[in-house]
Amino acid sequence: MPEVLVLGAGPAGAAVALGLKRLGYGVRVVSEWRRFTAVEGVSQRVLDGLRQAGLQRALACAAAPSPRRVLWNGDGQSINQECLLDRPTFDAAIREDLRAAGIDVLEARVLKVESVADGHRVQIEPGEPLRADFLVEARGRQAPLAGGRLRGPETLSLLNQWQEAPGRPGSAVESLADGWAWMARLEDGRCYWQITQDARDLPPKDQLPDYCAQRRSQSAQVRELFGEAALHPASLHARSSTAILFHEASGPDWLRVGDAAMAVDPLSGNGIFQSLSSALQAPAVINTMLQRPEQAELAGRFHQRRVEHLFLRFARTGRDFYALEQRWPEQPFWRDRRTWPDAAPMHAAADFSQVRVERAPVIHGDLIEEAEVVVTADQPLGIWHLQGIELAPIVSALRRGELERALGALPEGQRRMVQGWLLAQGFRP
Ligand code: FAD
């Protein structure tokens, strides 16, 4: 079997490595450790994605759900829940998951990647150069910026951490005139505060710790969640959070996944979920490229279309959330983000005249194949199956005026489900 090398042991790289290992490929992962500590908040969707990827130890790192206070558009406070994740612990658990699956994880920094006659040559430090037939680029936002890409408004997040006495965990998010802040307190007393602003609006680097302390002193949320230590300058790391979509997420013997393919604005709180989404489909894409080179273009197209579709969905979710904040419409931070990436609605309204049958790439088992799918205004990539029922033959029959016959061939329960789906698409018998 060809040798696959995965660059980066974040959730995306790990999900691809585990999937390829299950398909019988020789997989190695090379990664350095993240150079900063961070706390992140994750939803049930992320936990489900980690389970699906087989990252059990990483999944176990998520703390039990704790209350999150939301103060947005000055509309009083609402409270929901999220699970807090200490990233260094989570990243270490990901590597344990990989090793437990028998995957070799090399701890090294990737310095250079070269294409050679028989694949790729990767220079690392420390260590001898590595060779691979296929390369998975999963170095997150640190992956080299190659090729055309779409960038959102330039955004920077300043991460601050300090220690207080252990206490009840919780988190909060609040909108500010020139950005927004997310903050969390872990059970062991570790405190974390992150402000996200336009990259152009910030003071010089050496003034950032004082600047952040001053911003914290103006926040009622900070006073509610933390003690007096929050008012002092803390350890600080600046992290880019600009949304980026790569227009070329694959080649004949390489694939970009996770943040290296598309990185979303952290406001959506979905980064790990979106990185897993592109990674979970990747083993079938790579398997197709390696086993059926004649279908490589189809597999690459499948990956690219999915990545772009997911990116736009997440970017529009972020846009709509920014638009909910209406107190500072002229402030550049809010003005630029509530209209980006476009004005298209999150979900297109049902329109039966647009429902059509097309051939498109789909995942079939461990391969990408072409099949007839039903394209709708809201599902431009097409739907192949509805709970196991192939939809294209039914829509084709309907167009020929033979719907009753097609539905008649289905058991009662499935017939009702398909009828319900057709009505939801705007079909009126
Ligand atoms: P990463 O997790 O970044 O993994 C990449 C790996 O590659 C790392 O281990 C890195 O050390 C390694 N690497 C990088 N360069 C090299 C190199 N040259 N050589 C070797 N190894 C290398 N998501 C959420 O779900 N919830 C949140 O609350 C949240 N908050 C966020 C806040 C901010 C400010 C930002 C910027 C992002 C946030 N995210 C959040 C997003 C989340 O962090 C990422 O989407 C997710 O980690 C991406 O996973 P990945 O596997 O693609 O990359």
# chains A, B, ... in the order shown; residues from 1 in each chain; ligands from 1

$ residues_around --residues "segment 190-193 of chain A" --least-positions-apart "6" --cutoff "12 Å" --atoms "only C-alpha atoms" --output "JSON, numbers by chain"
{"A": [37, 38, 39, 40, 41, 84, 85, 86, 87, 157, 158, 159, 160, 161, 162, 163, 164, 165, 166, 167, 168, 169, 170, 171, 172, 173, 174, 180, 181, 182, 183, 184, 209, 212, 213, 215, 216, 219, 221, 222, 225, 226, 227, 228, 229, 230, 231, 233, 234, 235, 236, 237, 238]}

$ residues_around --residues "segment 373-379 of chain A" --least-positions-apart "4" --cutoff "12 Å" --atoms "only C-alpha atoms" --output "ChimeraX atom specification"
/A:305-306,309-310,313,344-363,369,383-386,389-396,421-422,424-427

$ select_by_dssp --residues "segment 60-160 of chain A" --states "helix (DSSP H, G or I)" --output "VMD selection string"
chain A and resid 87 to 100 140 to 142

$ write_last_selection --atoms "N, CA, C and O atoms" --output "short mmCIF file (atom, residue, chain, number, x, y, z; two decimals), in the first residue's frame"
data_model
loop_
_atom_site.label_atom_id
_atom_site.label_comp_id
_atom_site.auth_asym_id
_atom_site.auth_seq_id
_atom_site.Cartn_x
_atom_site.Cartn_y
_atom_site.Cartn_z
N ARG A 87 -6.64 23.06 25.57
CA ARG A 87 -6.04 22.57 24.32
C ARG A 87 -4.77 21.75 24.49
O ARG A 87 -4.62 20.73 23.81
N PRO A 88 -3.82 22.14 25.39
CA PRO A 88 -2.63 21.27 25.50
C PRO A 88 -3.00 19.84 25.93
O PRO A 88 -2.45 18.86 25.40
N THR A 89 -3.96 19.69 26.86
CA THR A 89 -4.37 18.35 27.29
C THR A 89 -5.04 17.62 26.14
O THR A 89 -4.81 16.43 25.89
N PHE A 90 -5.89 18.35 25.42
CA PHE A 90 -6.61 17.78 24.27
C PHE A 90 -5.62 17.33 23.19
O PHE A 90 -5.71 16.21 22.66
N ASP A 91 -4.63 18.20 22.88
CA ASP A 91 -3.66 17.86 21.83
C ASP A 91 -2.84 16.62 22.21
O ASP A 91 -2.53 15.78 21.36
N ALA A 92 -2.50 16.51 23.52
CA ALA A 92 -1.73 15.34 23.98
C ALA A 92 -2.59 14.07 23.84
O ALA A 92 -2.10 13.01 23.43
N ALA A 93 -3.89 14.20 24.16
CA ALA A 93 -4.78 13.03 24.09
C ALA A 93 -4.96 12.57 22.64
O ALA A 93 -5.08 11.38 22.37
N ILE A 94 -4.95 13.52 21.71
CA ILE A 94 -5.07 13.16 20.28
C ILE A 94 -3.90 12.24 19.91
O ILE A 94 -4.07 11.21 19.25
N ARG A 95 -2.70 12.59 20.37
CA ARG A 95 -1.53 11.76 20.02
C ARG A 95 -1.62 10.38 20.68
O ARG A 95 -1.21 9.38 20.09
N GLU A 96 -2.19 10.35 21.89
CA GLU A 96 -2.37 9.03 22.53
C GLU A 96 -3.34 8.20 21.70
O GLU A 96 -3.14 7.00 21.53
N ASP A 97 -4.40 8.82 21.19
CA ASP A 97 -5.36 8.09 20.35
C ASP A 97 -4.65 7.53 19.12
O ASP A 97 -4.91 6.40 18.70
N LEU A 98 -3.77 8.34 18.52
CA LEU A 98 -3.07 7.88 17.31
C LEU A 98 -2.16 6.70 17.64
O LEU A 98 -2.16 5.69 16.94
N ARG A 99 -1.40 6.85 18.73
CA ARG A 99 -0.46 5.78 19.07
C ARG A 99 -1.21 4.51 19.45
O ARG A 99 -0.79 3.41 19.08
N ALA A 100 -2.34 4.66 20.14
CA ALA A 100 -3.12 3.48 20.53
C ALA A 100 -3.63 2.73 19.28
O ALA A 100 -3.83 1.53 19.31
N GLY A 140 -2.96 23.16 10.18
CA GLY A 140 -3.83 24.22 10.69
C GLY A 140 -3.50 25.56 10.06
O GLY A 140 -3.10 25.66 8.91
N ARG A 141 -3.69 26.61 10.83
CA ARG A 141 -3.45 27.95 10.31
C ARG A 141 -1.96 28.21 10.05
O ARG A 141 -1.62 29.20 9.43
N GLN A 142 -1.09 27.31 10.56
CA GLN A 142 0.36 27.50 10.29
C GLN A 142 0.77 26.90 8.95
O GLN A 142 1.91 27.06 8.53
#

$ closest_atom_pairs --of "segment 22-114 of chain A" --to "segment 277-283 of chain A" --cutoff "9 Å" --atoms "only C-alpha atoms" --output "Markdown table"
| residue | atom | partner | partner_atom | distance |
| --- | --- | --- | --- | --- |
| A:Leu23 | CA | A:Pro283 | CA | 8.0 |
| A:Gly49 | CA | A:Ser277 | CA | 7.7 |
| A:Gln52 | CA | A:Leu280 | CA | 8.4 |
| A:Ala53 | CA | A:Leu280 | CA | 6.8 |

$ select_by_dssp --residues "segment 163-399 of chain A" --states "strand (DSSP E or B)" --output "number ranges by chain"
A: 163, 170-176, 179-185, 190-198, 235-240, 244-246, 250-251, 254-256, 262-263, 356-364, 367-375, 383, 385-386, 389-390

$ closest_residue --among "A:Leu71, A:Leu202, A:Ala409, A:Ile244" --to "ligand 1" --atoms "only C-alpha atoms and all ligand atoms"
A:Ile244

$ closest_residue --among "A:Gly365, A:Gly119, A:Pro67, A:Gly13" --to "ligand 1" --atoms "only C-alpha atoms and all ligand atoms"
A:Gly13

$ atom_distance --atom1 "atom 27 (C, counted along the ligand's line) of ligand 1" --atom2 "atom CA of Val4 of chain A"
28.9 Å
